[in-house]
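Q: Structure supplied as protein-v1.tsv; contents: TSV, C-alpha atoms.
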```
chain	number	residue	atom	x	y	z
K	1050	MET	CA	117.42	66.53	0.05
K	1051	THR	CA	116.60	68.06	3.44
K	1052	SER	CA	114.46	71.18	3.27
K	1053	THR	CA	115.10	73.73	6.03
K	1054	LEU	CA	113.46	77.03	6.99
K	1055	ILE	CA	115.32	79.48	9.24
K	1056	THR	CA	113.40	82.51	10.49
K	1057	GLY	CA	115.20	85.83	10.92
K	1058	ALA	CA	117.97	84.58	8.66
K	1059	ASN	CA	119.25	87.53	6.64
K	1060	ARG	CA	122.03	88.26	9.18
K	1061	GLY	CA	123.75	87.06	12.34
K	1062	LEU	CA	123.25	83.56	13.67
K	1063	GLY	CA	120.49	82.74	11.21
K	1064	PHE	CA	122.64	83.71	8.24
K	1065	GLU	CA	125.63	81.71	9.48
K	1066	ALA	CA	123.48	78.67	10.24
K	1067	ALA	CA	122.00	78.92	6.75
K	1068	ARG	CA	125.46	79.12	5.18
K	1069	ARG	CA	126.60	75.97	6.91
K	1070	LEU	CA	123.42	74.03	6.23
K	1071	VAL	CA	123.58	74.94	2.54
K	1072	ALA	CA	127.16	73.62	2.57
K	1073	ALA	CA	125.85	70.44	4.22
K	1074	GLY	CA	123.45	69.89	1.33
K	1075	HIS	CA	120.22	71.33	2.71
K	1076	THR	CA	117.75	73.26	0.61
K	1077	VAL	CA	117.52	76.35	2.80
K	1078	TYR	CA	114.76	78.93	2.95
K	1079	LEU	CA	115.61	82.25	4.60
K	1080	GLY	CA	112.55	83.66	6.35
K	1081	CYS	CA	113.02	87.45	6.34
K	1082	ARG	CA	110.81	90.47	7.06
K	1083	ASP	CA	112.89	92.68	4.75
K	1084	VAL	CA	112.48	91.13	1.32
K	1085	GLY	CA	115.37	93.07	-0.23
K	1086	ARG	CA	117.86	92.04	2.44
K	1087	GLY	CA	116.52	88.51	2.35
K	1088	ARG	CA	117.09	88.20	-1.38
K	1089	ALA	CA	120.58	89.64	-1.09
K	1090	ALA	CA	121.44	87.19	1.68
K	1091	ALA	CA	119.91	84.25	-0.18
K	1092	GLY	CA	121.85	85.14	-3.32
K	1093	ALA	CA	125.10	85.16	-1.38
K	1094	LEU	CA	124.36	81.74	0.11
K	1095	GLY	CA	122.66	79.82	-2.66
K	1096	ALA	CA	119.47	79.74	-0.62
K	1097	THR	CA	115.90	80.92	-1.26
K	1098	ALA	CA	114.42	84.01	0.38
K	1099	VAL	CA	110.87	83.78	1.70
K	1100	PRO	CA	108.99	86.87	2.92
K	1101	LEU	CA	108.14	86.03	6.53
K	1102	ASP	CA	107.13	88.20	9.47
K	1103	VAL	CA	106.65	85.92	12.47
K	1104	THR	CA	104.27	88.43	14.06
K	1105	ASP	CA	101.83	88.40	11.11
K	1106	ASP	CA	99.35	85.57	10.48
K	1107	ASP	CA	98.97	86.23	6.76
K	1108	SER	CA	102.71	86.45	6.19
K	1109	VAL	CA	103.33	83.14	7.96
K	1110	ALA	CA	100.45	81.41	6.15
K	1111	ALA	CA	101.77	82.61	2.78
K	1112	ALA	CA	105.26	81.32	3.59
K	1113	ALA	CA	103.88	77.92	4.57
K	1114	GLU	CA	101.89	77.73	1.33
K	1115	LEU	CA	104.94	78.67	-0.73
K	1116	ILE	CA	107.24	76.13	0.91
K	1117	GLY	CA	104.57	73.45	0.83
K	1118	ALA	CA	104.11	73.97	-2.90
K	1119	ALA	CA	107.87	73.75	-3.39
K	1120	GLY	CA	107.99	70.27	-1.85
K	1121	GLY	CA	107.59	70.51	1.92
K	1122	LEU	CA	109.71	71.02	5.00
K	1123	ASP	CA	111.93	68.79	7.12
K	1124	VAL	CA	113.62	71.23	9.51
K	1125	LEU	CA	112.28	74.39	11.13
K	1126	VAL	CA	114.72	76.68	12.93
K	1127	ASN	CA	112.85	79.28	15.00
K	1128	ASN	CA	115.62	81.87	15.14
K	1129	ALA	CA	113.85	85.24	14.81
K	1130	GLY	CA	114.07	87.22	18.03
K	1131	VAL	CA	114.19	90.66	19.63
K	1132	GLN	CA	115.72	92.10	22.78
K	1133	ARG	CA	113.78	95.28	23.54
K	1134	GLU	CA	115.21	95.91	27.01
K	1135	MET	CA	118.76	96.64	25.78
K	1136	ALA	CA	119.45	100.21	24.66
K	1137	ALA	CA	121.87	101.19	21.90
K	1138	ASP	CA	124.55	101.99	24.49
K	1139	GLY	CA	124.26	98.53	26.02
K	1140	THR	CA	122.36	99.49	29.16
K	1141	VAL	CA	119.61	97.08	30.13
K	1142	THR	CA	116.25	97.94	31.67
K	1143	GLY	CA	115.78	95.87	34.81
K	1144	ALA	CA	112.75	94.89	36.85
K	1145	ALA	CA	112.25	98.40	38.23
K	1146	GLY	CA	111.72	99.82	34.74
K	1147	LEU	CA	109.82	96.89	33.26
K	1148	THR	CA	106.61	97.80	31.43
K	1149	PRO	CA	103.77	95.74	29.98
K	1150	GLU	CA	104.66	97.13	26.55
K	1151	MET	CA	108.21	95.86	26.84
K	1152	MET	CA	106.96	92.41	27.79
K	1153	SER	CA	104.28	92.24	25.11
K	1154	GLY	CA	106.61	93.50	22.38
K	1155	THR	CA	109.24	90.92	23.31
K	1156	PHE	CA	106.80	88.05	23.59
K	1157	ALA	CA	105.12	88.99	20.29
K	1158	THR	CA	108.23	87.91	18.39
K	1159	ASN	CA	110.10	85.57	20.70
K	1160	VAL	CA	107.17	83.48	21.93
K	1161	PHE	CA	104.00	84.09	19.94
K	1162	GLY	CA	106.08	84.14	16.77
K	1163	ILE	CA	107.32	80.63	17.46
K	1164	VAL	CA	103.79	79.42	18.16
K	1165	ARG	CA	102.48	81.04	14.97
K	1166	VAL	CA	105.24	79.66	12.75
K	1167	THR	CA	105.31	76.19	14.29
K	1168	ARG	CA	101.53	75.87	14.04
K	1169	ALA	CA	101.57	76.87	10.37
K	1170	PHE	CA	104.36	74.48	9.42
K	1171	LEU	CA	103.33	71.47	11.52
K	1172	PRO	CA	101.36	69.88	8.66
K	1173	LEU	CA	104.46	69.99	6.47
K	1174	LEU	CA	106.77	68.73	9.22
K	1175	LEU	CA	104.46	65.83	10.02
K	1176	ARG	CA	104.76	64.66	6.42
K	1177	SER	CA	108.56	64.56	6.68
K	1178	ALA	CA	110.38	61.27	7.29
K	1179	ALA	CA	112.72	62.96	9.80
K	1180	PRO	CA	111.22	66.23	11.05
K	1181	VAL	CA	113.20	68.57	13.31
K	1182	VAL	CA	112.40	71.79	15.14
K	1183	VAL	CA	115.18	73.90	16.67
K	1184	ASN	CA	114.12	76.75	18.96
K	1185	VAL	CA	116.86	79.32	19.52
K	1186	SER	CA	116.76	80.09	23.23
K	1187	SER	CA	119.32	81.62	25.60
K	1188	GLY	CA	121.34	80.75	28.67
K	1189	LEU	CA	119.34	83.54	30.33
K	1190	ALA	CA	116.31	81.24	30.07
K	1191	SER	CA	117.80	78.89	32.65
K	1192	LEU	CA	116.15	79.60	36.00
K	1193	THR	CA	118.88	77.52	37.62
K	1194	ARG	CA	121.62	79.78	36.27
K	1195	VAL	CA	119.83	83.12	36.68
K	1196	ALA	CA	119.19	82.30	40.35
K	1197	ASP	CA	122.78	81.20	41.02
K	1198	PRO	CA	125.15	84.02	42.14
K	1199	GLY	CA	128.06	82.02	40.75
K	1200	THR	CA	126.98	82.31	37.11
K	1201	PRO	CA	127.24	85.19	34.59
K	1202	ALA	CA	123.48	84.94	34.00
K	1203	TYR	CA	122.85	86.05	37.59
K	1204	ALA	CA	124.25	89.52	36.85
K	1205	TYR	CA	121.88	90.19	33.95
K	1206	PRO	CA	119.15	92.57	35.22
K	1207	GLY	CA	116.66	92.31	32.34
K	1208	VAL	CA	113.33	90.53	32.64
K	1209	ALA	CA	111.49	90.54	29.31
K	1210	TYR	CA	114.12	88.75	27.21
K	1211	PRO	CA	114.96	86.00	29.75
K	1212	ALA	CA	111.26	85.47	30.47
K	1213	SER	CA	110.50	85.12	26.77
K	1214	LYS	CA	113.25	82.56	26.33
K	1215	ALA	CA	112.10	80.63	29.40
K	1216	ALA	CA	108.71	80.47	27.69
K	1217	VAL	CA	110.47	79.18	24.56
K	1218	ASN	CA	111.93	76.38	26.65
K	1219	MET	CA	108.48	75.44	27.92
K	1220	LEU	CA	107.14	75.43	24.38
K	1221	THR	CA	110.01	73.13	23.42
K	1222	VAL	CA	109.20	70.59	26.12
K	1223	GLN	CA	105.47	70.58	25.43
K	1224	TYR	CA	105.81	70.37	21.65
K	1225	ALA	CA	108.27	67.50	22.05
K	1226	LYS	CA	105.80	65.59	24.22
K	1227	ALA	CA	102.88	66.31	21.92
K	1228	PHE	CA	104.74	65.31	18.74
K	1229	PRO	CA	107.15	62.47	19.58
K	1230	GLN	CA	107.83	61.89	15.89
K	1231	ILE	CA	109.47	65.33	15.67
K	1232	ARG	CA	112.86	66.05	17.26
K	1233	VAL	CA	112.18	69.34	19.09
K	1234	ASN	CA	115.00	71.00	21.04
K	1235	ALA	CA	116.00	74.40	22.41
K	1236	VAL	CA	119.54	75.67	21.94
K	1237	GLU	CA	121.74	78.27	23.62
K	1238	PRO	CA	124.17	79.77	21.10
K	1239	GLY	CA	126.09	81.64	23.80
K	1240	TYR	CA	126.80	85.36	24.10
K	1241	THR	CA	127.43	85.96	20.42
K	1242	ALA	CA	128.28	89.28	18.76
K	1243	THR	CA	125.14	90.05	16.72
K	1244	GLY	CA	122.80	92.93	16.02
K	1245	LEU	CA	120.65	91.75	18.90
K	1246	ASN	CA	123.24	92.99	21.40
K	1247	GLY	CA	124.93	95.68	19.33
K	1248	GLY	CA	127.87	93.41	18.57
K	1249	ARG	CA	128.88	93.14	22.23
K	1250	GLY	CA	128.93	89.35	22.41
K	1251	ARG	CA	132.13	87.54	23.36
K	1252	GLN	CA	132.07	84.98	20.56
K	1253	THR	CA	131.69	84.95	16.77
K	1254	VAL	CA	128.61	83.93	14.82
K	1255	GLU	CA	130.60	80.94	13.59
K	1256	GLU	CA	130.95	79.76	17.18
K	1257	GLY	CA	127.39	80.64	18.11
K	1258	ALA	CA	125.82	78.88	15.14
K	1259	GLU	CA	127.56	75.60	15.95
K	1260	ILE	CA	124.82	74.22	18.21
K	1261	ILE	CA	122.05	75.45	15.90
K	1262	VAL	CA	123.57	73.63	12.94
K	1263	ARG	CA	124.25	70.51	14.97
K	1264	MET	CA	120.71	70.24	16.29
K	1265	ALA	CA	119.21	71.05	12.88
K	1266	GLN	CA	120.85	67.82	11.69
K	1267	THR	CA	119.48	65.68	14.50
K	1268	GLY	CA	118.41	62.23	13.29
K	1269	PRO	CA	115.27	60.28	14.22
K	1270	ASP	CA	117.13	58.65	17.12
K	1271	GLY	CA	118.46	61.95	18.46
K	1272	PRO	CA	117.37	63.79	21.59
K	1273	THR	CA	114.10	65.65	21.88
K	1274	GLY	CA	112.62	67.96	24.49
K	1275	GLY	CA	116.07	69.12	25.62
K	1276	PHE	CA	118.00	72.35	26.14
K	1277	PHE	CA	121.57	72.34	24.78
K	1278	ASP	CA	124.63	74.46	24.18
K	1279	ALA	CA	127.79	73.44	22.33
K	1280	GLU	CA	129.05	71.61	25.43
K	1281	GLY	CA	125.95	69.54	26.09
K	1282	ARG	CA	122.66	69.60	27.99
K	1283	LEU	CA	121.83	72.65	30.09
K	1284	PRO	CA	119.82	72.93	33.33
K	1285	TRP	CA	116.32	74.34	33.10
```
Using structure tokens, write down the structure from this file.
A:
Amino acid sequence: MTSTLITGANRGLGFEAARRLVAAGHTVYLGCRDVGRGRAAAGALGATAVPLDVTDDDSVAAAAELIGAAGGLDVLVNNAGVQREMAADGTVTGAAGLTPEMMSGTFATNVFGIVRVTRAFLPLLLRSAAPVVVNVSSGLASLTRVADPGTPAYAYPGVAYPASKAAVNMLTVQYAKAFPQIRVNAVEPGYTATGLNGGRGRQTVEEGAEIIVRMAQTGPDGPTGGFFDAEGRLPW
């Protein structure tokens, strides 16, 4: 049975991806900072909650030890993320208001968190017969789209979140090259209504989770080092 860890999985896209992967026969671990919410979510899904704060070395190491003792890991979905530049009313801080603190806080979870978790779980993944890593990115990470006046991404004024996701894309490419035995891909769920954007997204979590679930089930002959949405490959 395929063993899968999804970070930030007690709600939103992570929760929906977990639900569908459980239905597909995966043994799913929900990595959650809030243990109570994680256990409630896991109970609703038939999954297992694992205390996991992607910004904390000890927390990540403990999660890796727990999952390793339970039998190992085949699929890692790096889903945990923050968007610190968007206020509760939906306004977004642009380049003029950008601060080092906003950048560092965003990168701590969205980028360094992926590095910390991936590094900790690599030994388990490398023992799998068909290891997969899915990095949840964003269409705002595409420099091609953000620089093109004809795309919706061009109108987004924020810097920290798109920059962090562009870094995620670079991590994806370099991990894929370094570990050719692992299928490593970045995915763009689309503008989905989640807590990350105050529920303002234009599509449901069911729609947004589609590409996450699909790439989590990538076989040994599947793509690696790519950037995909539900329609196919995206431009960097």
Q: To one decimal in Å, tell me the separation between atom CA of Val1182 of chain K and atom CA of Ala1072 of chain K.
A: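 Result for atom CA of Val1182 of chain K versus atom CA of Ala1072 of chain K: 19.5 Å, one decimal.
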Q: Compile the contact shell of segment 1231-1234 of chain K as a list in words: residues with an atom at most 7 Å away, counting all atoms listed in the file, same-chain residues fewer than 2 positions apart removed.
A: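 Residues meeting the cut-off are Pro1180, Val1181, Val1182, Val1183, Asn1184, Thr1221, Tyr1224, Ala1225, Phe1228, Pro1229, Val1236, Pro1269, Pro1272, Thr1273, Gly1274, Gly1275 and Phe1276 of chain K.
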Q: Contacts of Pro1238 of chain K at 8 Å or less, counting all atoms listed in the file, minus same-chain residues fewer than 4 places along, as a PDB file with C-alpha atoms, in the frame of the given file?
A:
```
ATOM      1  CA  VAL K1185     116.860  79.320  19.520  1.00  0.00           C
ATOM      2  CA  SER K1186     116.760  80.090  23.230  1.00  0.00           C
ATOM      3  CA  SER K1187     119.320  81.620  25.600  1.00  0.00           C
ATOM      4  CA  GLU K1256     130.950  79.760  17.180  1.00  0.00           C
ATOM      5  CA  GLY K1257     127.390  80.640  18.110  1.00  0.00           C
ATOM      6  CA  ALA K1258     125.820  78.880  15.140  1.00  0.00           C
ATOM      7  CA  GLU K1259     127.560  75.600  15.950  1.00  0.00           C
ATOM      8  CA  ILE K1260     124.820  74.220  18.210  1.00  0.00           C
ATOM      9  CA  ILE K1261     122.050  75.450  15.900  1.00  0.00           C
ATOM     10  CA  ASP K1278     124.630  74.460  24.180  1.00  0.00           C
ATOM     11  CA  ALA K1279     127.790  73.440  22.330  1.00  0.00           C
TER      12      ALA K1279
END
```
Q: So which one's closest to Pro1206 of chain K, K:Ser1177, K:Gly1188, K:Gly1143, K:Ile1163? Using all atoms listed in the file, please.
A: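 Comparing K:Ser1177, K:Gly1188, K:Gly1143, K:Ile1163 against Pro1206 of chain K, the winner is K:Gly1143.
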Q: I'd like the neighbourhood of Gly1146 of chain K as a list in words, where a residue qualifies if any of its atoms comes within 10 Å (using all atoms listed in the file), though same-chain residues fewer than 5 positions away should be ignored.
A: Glu1134, Val1141, Met1151, Gly1207 and Val1208 of chain K
Q: So which residues touch Tyr1203 of chain K within 12 Å, counting all atoms listed in the file, skipping near sequence neighbours fewer than 5 positions away, as number ranges by chain?
A: K: 1188-1198, 1208, 1211
Q: So, with only C-alpha atoms as the atoms that count, which of K:Ala1113, K:Met1135, K:Val1254, K:Val1166 lies closest to Tyr1205 of chain K?
A: K:Met1135
Q: Near Asn1128 of chain K, within 8 Å and counting all atoms listed in the file, which residues show up once chain neighbours fewer than 5 positions away are dropped, as a list in words?
A: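 My reading of the contact set: Ile1055, Thr1056, Gly1057, Ala1058, Leu1062, Gly1063, Asn1184 and Val1185 of chain K.
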Q: Atom CA of Ala1179 of chain K to atom CA of Asp1123 of chain K: how many Å, to one decimal?
A: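 So the two atoms, atom CA of Ala1179 of chain K and atom CA of Asp1123 of chain K, lie 6.5 Å apart.
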Q: Report the distance between atom CA of Met1152 of chain K and atom CA of Val1217 of chain K in Å, rounded to one decimal place.
A: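 About the pair atom CA of Met1152 of chain K and atom CA of Val1217 of chain K: they are 14.1 Å apart.
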Q: Ranking K:Ala1169, K:Leu1079, K:Ala1215, K:Val1164 by minimum distance to Ser1052 of chain K and counting all atoms listed in the file, which one comes first?
A: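 Once distances to Ser1052 of chain K are computed over all atoms listed in the file, the minimum belongs to K:Leu1079.
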Q: Counting all atoms listed in the file, figure out which residue out of K:Ala1112, K:Leu1283, K:Ala1178, K:Ala1204 gets nearest to Asn1218 of chain K.
A: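 Result for the nearest residue to Asn1218 of chain K: K:Leu1283.
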Q: For Ala1111 of chain K, which residue among K:Glu1237, K:Gln1230, K:Gln1132, K:Phe1170 is the nearest when counting only C-alpha atoms?
A: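 Comparing K:Glu1237, K:Gln1230, K:Gln1132, K:Phe1170 against Ala1111 of chain K, the winner is K:Phe1170.
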Q: Under the rule that only C-alpha atoms are counted, which of K:Ala1235, K:Val1126, K:Ile1116, K:Ala1067 is the nearest residue to Ala1265 of chain K?
A: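 Using only C-alpha atoms, Ala1265 of chain K sits closest to K:Val1126.
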Q: Please identify all polymer residues lying at most 7 Å from the point (119.7, 87.5, 7.3) (file coordinates), using only C-alpha atoms, and present the result as a list of chain:residue names.
A: K:Gly1057, K:Ala1058, K:Asn1059, K:Arg1060, K:Gly1061, K:Gly1063, K:Phe1064, K:Cys1081, K:Arg1086, K:Gly1087, K:Ala1090
Q: Using the atoms already present, construct N, CA, C and O atoms for segment 1104-1125 of chain K and hand them back as a PDB file, in the coordinates of the input.
A:
```pdb
ATOM      1  N   THR K1104     105.341  87.813  13.276  1.00  0.00           N
ATOM      2  CA  THR K1104     104.270  88.430  14.060  1.00  0.00           C
ATOM      3  C   THR K1104     102.991  88.615  13.249  1.00  0.00           C
ATOM      4  O   THR K1104     102.007  89.157  13.767  1.00  0.00           O
ATOM      5  N   ASP K1105     102.968  88.166  12.004  1.00  0.00           N
ATOM      6  CA  ASP K1105     101.830  88.400  11.110  1.00  0.00           C
ATOM      7  C   ASP K1105     101.258  87.083  10.592  1.00  0.00           C
ATOM      8  O   ASP K1105     101.958  86.320   9.922  1.00  0.00           O
ATOM      9  N   ASP K1106      99.989  86.832  10.887  1.00  0.00           N
ATOM     10  CA  ASP K1106      99.350  85.570  10.480  1.00  0.00           C
ATOM     11  C   ASP K1106      99.389  85.360   8.978  1.00  0.00           C
ATOM     12  O   ASP K1106      99.719  84.263   8.503  1.00  0.00           O
ATOM     13  N   ASP K1107      99.025  86.385   8.216  1.00  0.00           N
ATOM     14  CA  ASP K1107      98.970  86.230   6.760  1.00  0.00           C
ATOM     15  C   ASP K1107     100.347  85.972   6.165  1.00  0.00           C
ATOM     16  O   ASP K1107     100.487  85.163   5.242  1.00  0.00           O
ATOM     17  N   SER K1108     101.351  86.644   6.680  1.00  0.00           N
ATOM     18  CA  SER K1108     102.710  86.450   6.190  1.00  0.00           C
ATOM     19  C   SER K1108     103.176  85.011   6.430  1.00  0.00           C
ATOM     20  O   SER K1108     103.756  84.370   5.548  1.00  0.00           O
ATOM     21  N   VAL K1109     102.912  84.510   7.618  1.00  0.00           N
ATOM     22  CA  VAL K1109     103.330  83.140   7.960  1.00  0.00           C
ATOM     23  C   VAL K1109     102.559  82.121   7.119  1.00  0.00           C
ATOM     24  O   VAL K1109     103.138  81.148   6.613  1.00  0.00           O
ATOM     25  N   ALA K1110     101.261  82.338   6.947  1.00  0.00           N
ATOM     26  CA  ALA K1110     100.450  81.410   6.150  1.00  0.00           C
ATOM     27  C   ALA K1110     100.933  81.382   4.700  1.00  0.00           C
ATOM     28  O   ALA K1110     101.011  80.314   4.073  1.00  0.00           O
ATOM     29  N   ALA K1111     101.278  82.550   4.157  1.00  0.00           N
ATOM     30  CA  ALA K1111     101.770  82.610   2.780  1.00  0.00           C
ATOM     31  C   ALA K1111     103.096  81.877   2.631  1.00  0.00           C
ATOM     32  O   ALA K1111     103.335  81.185   1.631  1.00  0.00           O
ATOM     33  N   ALA K1112     103.971  82.013   3.629  1.00  0.00           N
ATOM     34  CA  ALA K1112     105.260  81.320   3.590  1.00  0.00           C
ATOM     35  C   ALA K1112     105.064  79.814   3.634  1.00  0.00           C
ATOM     36  O   ALA K1112     105.740  79.056   2.922  1.00  0.00           O
ATOM     37  N   ALA K1113     104.144  79.352   4.474  1.00  0.00           N
ATOM     38  CA  ALA K1113     103.880  77.920   4.570  1.00  0.00           C
ATOM     39  C   ALA K1113     103.318  77.379   3.253  1.00  0.00           C
ATOM     40  O   ALA K1113     103.687  76.282   2.803  1.00  0.00           O
ATOM     41  N   GLU K1114     102.445  78.162   2.623  1.00  0.00           N
ATOM     42  CA  GLU K1114     101.890  77.730   1.330  1.00  0.00           C
ATOM     43  C   GLU K1114     102.972  77.653   0.275  1.00  0.00           C
ATOM     44  O   GLU K1114     103.030  76.694  -0.515  1.00  0.00           O
ATOM     45  N   LEU K1115     103.856  78.644   0.254  1.00  0.00           N
ATOM     46  CA  LEU K1115     104.940  78.670  -0.730  1.00  0.00           C
ATOM     47  C   LEU K1115     105.873  77.478  -0.552  1.00  0.00           C
ATOM     48  O   LEU K1115     106.209  76.787  -1.521  1.00  0.00           O
ATOM     49  N   ILE K1116     106.295  77.230   0.662  1.00  0.00           N
ATOM     50  CA  ILE K1116     107.240  76.130   0.910  1.00  0.00           C
ATOM     51  C   ILE K1116     106.563  74.778   0.715  1.00  0.00           C
ATOM     52  O   ILE K1116     107.177  73.823   0.215  1.00  0.00           O
ATOM     53  N   GLY K1117     105.297  74.690   1.070  1.00  0.00           N
ATOM     54  CA  GLY K1117     104.570  73.450   0.830  1.00  0.00           C
ATOM     55  C   GLY K1117     104.474  73.149  -0.664  1.00  0.00           C
ATOM     56  O   GLY K1117     104.675  72.000  -1.095  1.00  0.00           O
ATOM     57  N   ALA K1118     104.211  74.166  -1.462  1.00  0.00           N
ATOM     58  CA  ALA K1118     104.110  73.970  -2.900  1.00  0.00           C
ATOM     59  C   ALA K1118     105.453  73.612  -3.523  1.00  0.00           C
ATOM     60  O   ALA K1118     105.510  72.941  -4.564  1.00  0.00           O
ATOM     61  N   ALA K1119     106.529  74.044  -2.867  1.00  0.00           N
ATOM     62  CA  ALA K1119     107.870  73.750  -3.390  1.00  0.00           C
ATOM     63  C   ALA K1119     108.352  72.355  -3.022  1.00  0.00           C
ATOM     64  O   ALA K1119     109.415  71.928  -3.483  1.00  0.00           O
ATOM     65  N   GLY K1120     107.599  71.641  -2.176  1.00  0.00           N
ATOM     66  CA  GLY K1120     107.990  70.270  -1.850  1.00  0.00           C
ATOM     67  C   GLY K1120     107.925  69.885  -0.403  1.00  0.00           C
ATOM     68  O   GLY K1120     108.076  68.720  -0.054  1.00  0.00           O
ATOM     69  N   GLY K1121     107.735  70.860   0.504  1.00  0.00           N
ATOM     70  CA  GLY K1121     107.590  70.510   1.920  1.00  0.00           C
ATOM     71  C   GLY K1121     108.741  70.986   2.771  1.00  0.00           C
ATOM     72  O   GLY K1121     109.638  71.702   2.304  1.00  0.00           O
ATOM     73  N   LEU K1122     108.714  70.553   4.021  1.00  0.00           N
ATOM     74  CA  LEU K1122     109.710  71.020   5.000  1.00  0.00           C
ATOM     75  C   LEU K1122     110.106  69.881   5.930  1.00  0.00           C
ATOM     76  O   LEU K1122     109.263  69.119   6.389  1.00  0.00           O
ATOM     77  N   ASP K1123     111.405  69.793   6.196  1.00  0.00           N
ATOM     78  CA  ASP K1123     111.930  68.790   7.120  1.00  0.00           C
ATOM     79  C   ASP K1123     112.425  69.402   8.420  1.00  0.00           C
ATOM     80  O   ASP K1123     112.328  68.784   9.481  1.00  0.00           O
ATOM     81  N   VAL K1124     112.997  70.612   8.333  1.00  0.00           N
ATOM     82  CA  VAL K1124     113.620  71.230   9.510  1.00  0.00           C
ATOM     83  C   VAL K1124     113.130  72.674   9.627  1.00  0.00           C
ATOM     84  O   VAL K1124     113.175  73.441   8.663  1.00  0.00           O
ATOM     85  N   LEU K1125     112.674  73.021  10.822  1.00  0.00           N
ATOM     86  CA  LEU K1125     112.280  74.390  11.130  1.00  0.00           C
ATOM     87  C   LEU K1125     113.198  74.925  12.219  1.00  0.00           C
ATOM     88  O   LEU K1125     113.275  74.344  13.305  1.00  0.00           O
TER      89      LEU K1125
END
```
